[in-house]
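Each remark here refers to the structure printed beneath this line.
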Amino acid sequence: MTSPKTPPGLLLPGTQTRLSLDISETGDPDHFTFAARPATKERDRSWRIQGDVYRTDQGLAVKRVEVDTDPDGSAEVTGTLMRQIPIGTILDYVRGRVSATLAKDIPGMPAAAMAVSAGRTEMTDGFLRDVALSYLRETAPGMPRGATRRLAEAYGRPEQTVRTWLSRARKEGWLGPSAKGRAGAEPGPRLQGE
């Protein structure tokens, strides 16, 4: 799954610095590597980070990070530089790329969520699978914020109902754990096993 450079739209939070990011698979389906650097050529931002991400029971987690700077540049590895490197943003992007790649390989990926009839919805495996796949599609890299709102509109139900469905899809193994306070998830073990 070696990905091309990050599209020009990925900006580091709170800056005008664009991030160049490469994500690669390894021989282990639960292990990914990444390499990132600012896409700009400014001397004071000439750092590079690489590391390993593993799938754990709590979802994807960064397990190794290595930071270095351009030996010909003026930047040094300092506490200030380490605080500027957006590990959370990098992990979110790795999570999104991995989830999008896995979701593309899943047979029967719906093109869009389908409205459901009024009244109580039966939480069948087929329905929870559709909810999980729809959520993965709506939180893929490049998608705007508001995935739950878009799903609520597509399903014709309130956002809180969709959140309940997503929680149930996680509990039943259709979605992996979510990162606290962040949209997105990984395919759960039941989707990965298909």
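Letters for chains follow the order of the structure tokens (A, B, ...), residue numbers begin at 1 for each chain, and ligand numbers begin at 1 in the order shown.
Near Thr161 (chain A), within a cut-off of 8 Å and counting only C-alpha atoms, sit the residues Ala152, Arg157 and Trp165 of chain A, with same-chain residues fewer than 4 positions away left out.
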Can you list, as a ChimeraX atom specification, every protein, DNA or RNA residue that comes within 8 Å of Glu138 (chain A) when you count only C-alpha atoms, leaving out same-chain residues fewer than 3 positions away? /A:134-135,143,147,150-151
Could you dump the residues just selected with all heavy atoms as an mmCIF file, in the first residue's frame?
```cif
data_model
loop_
_atom_site.group_PDB
_atom_site.id
_atom_site.type_symbol
_atom_site.label_atom_id
_atom_site.label_comp_id
_atom_site.auth_asym_id
_atom_site.auth_seq_id
_atom_site.Cartn_x
_atom_site.Cartn_y
_atom_site.Cartn_z
ATOM 1 N N SER A 134 -20.299 2.439 5.486
ATOM 2 C CA SER A 134 -20.665 3.822 5.160
ATOM 3 C C SER A 134 -19.834 4.803 5.977
ATOM 4 O O SER A 134 -19.373 5.824 5.458
ATOM 5 C CB SER A 134 -22.161 4.047 5.411
ATOM 6 O OG SER A 134 -22.927 3.232 4.546
ATOM 7 N N TYR A 135 -19.613 4.494 7.252
ATOM 8 C CA TYR A 135 -18.815 5.377 8.106
ATOM 9 C C TYR A 135 -17.358 5.401 7.643
ATOM 10 O O TYR A 135 -16.739 6.466 7.577
ATOM 11 C CB TYR A 135 -18.914 4.908 9.558
ATOM 12 C CG TYR A 135 -18.223 5.840 10.531
ATOM 13 C CD1 TYR A 135 -18.715 7.120 10.772
ATOM 14 C CD2 TYR A 135 -17.089 5.445 11.218
ATOM 15 C CE1 TYR A 135 -18.096 7.983 11.663
ATOM 16 C CE2 TYR A 135 -16.457 6.291 12.114
ATOM 17 C CZ TYR A 135 -16.969 7.559 12.332
ATOM 18 O OH TYR A 135 -16.340 8.405 13.219
ATOM 19 N N MET A 143 -12.036 13.409 2.926
ATOM 20 C CA MET A 143 -13.447 13.707 3.168
ATOM 21 C C MET A 143 -13.551 14.838 4.193
ATOM 22 O O MET A 143 -12.772 14.897 5.141
ATOM 23 C CB MET A 143 -14.181 12.470 3.697
ATOM 24 C CG MET A 143 -14.288 11.353 2.676
ATOM 25 S SD MET A 143 -15.223 11.806 1.213
ATOM 26 C CE MET A 143 -16.877 11.894 1.876
ATOM 27 N N ALA A 147 -19.015 13.616 9.170
ATOM 28 C CA ALA A 147 -19.416 12.296 8.684
ATOM 29 C C ALA A 147 -20.731 11.843 9.305
ATOM 30 O O ALA A 147 -21.607 11.332 8.606
ATOM 31 C CB ALA A 147 -18.317 11.275 8.962
ATOM 32 N N ARG A 150 -23.641 13.714 7.741
ATOM 33 C CA ARG A 150 -23.941 13.230 6.383
ATOM 34 C C ARG A 150 -24.635 11.874 6.422
ATOM 35 O O ARG A 150 -25.565 11.622 5.654
ATOM 36 C CB ARG A 150 -22.659 13.153 5.545
ATOM 37 C CG ARG A 150 -22.110 14.514 5.169
ATOM 38 C CD ARG A 150 -21.014 14.415 4.115
ATOM 39 N NE ARG A 150 -19.898 13.561 4.481
ATOM 40 C CZ ARG A 150 -18.872 13.941 5.251
ATOM 41 N NH1 ARG A 150 -18.835 15.171 5.747
ATOM 42 N NH2 ARG A 150 -17.892 13.097 5.516
ATOM 43 N N LEU A 151 -24.202 11.006 7.339
ATOM 44 C CA LEU A 151 -24.860 9.703 7.453
ATOM 45 C C LEU A 151 -26.290 9.858 7.957
ATOM 46 O O LEU A 151 -27.193 9.159 7.490
ATOM 47 C CB LEU A 151 -24.060 8.775 8.369
ATOM 48 C CG LEU A 151 -22.754 8.246 7.798
ATOM 49 C CD1 LEU A 151 -22.003 7.425 8.846
ATOM 50 C CD2 LEU A 151 -22.990 7.421 6.549
#
```
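Residue nearest Val94 (chain A), chosen from A:Asp22, A:Glu159, A:Asp72, A:Glu172 and counting only C-alpha atoms: A:Asp22.
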Could you check which of A:Leu81, A:Leu166, A:Ser24, A:Val62 is closest to Leu133 (chain A), using only C-alpha atoms? A:Leu166
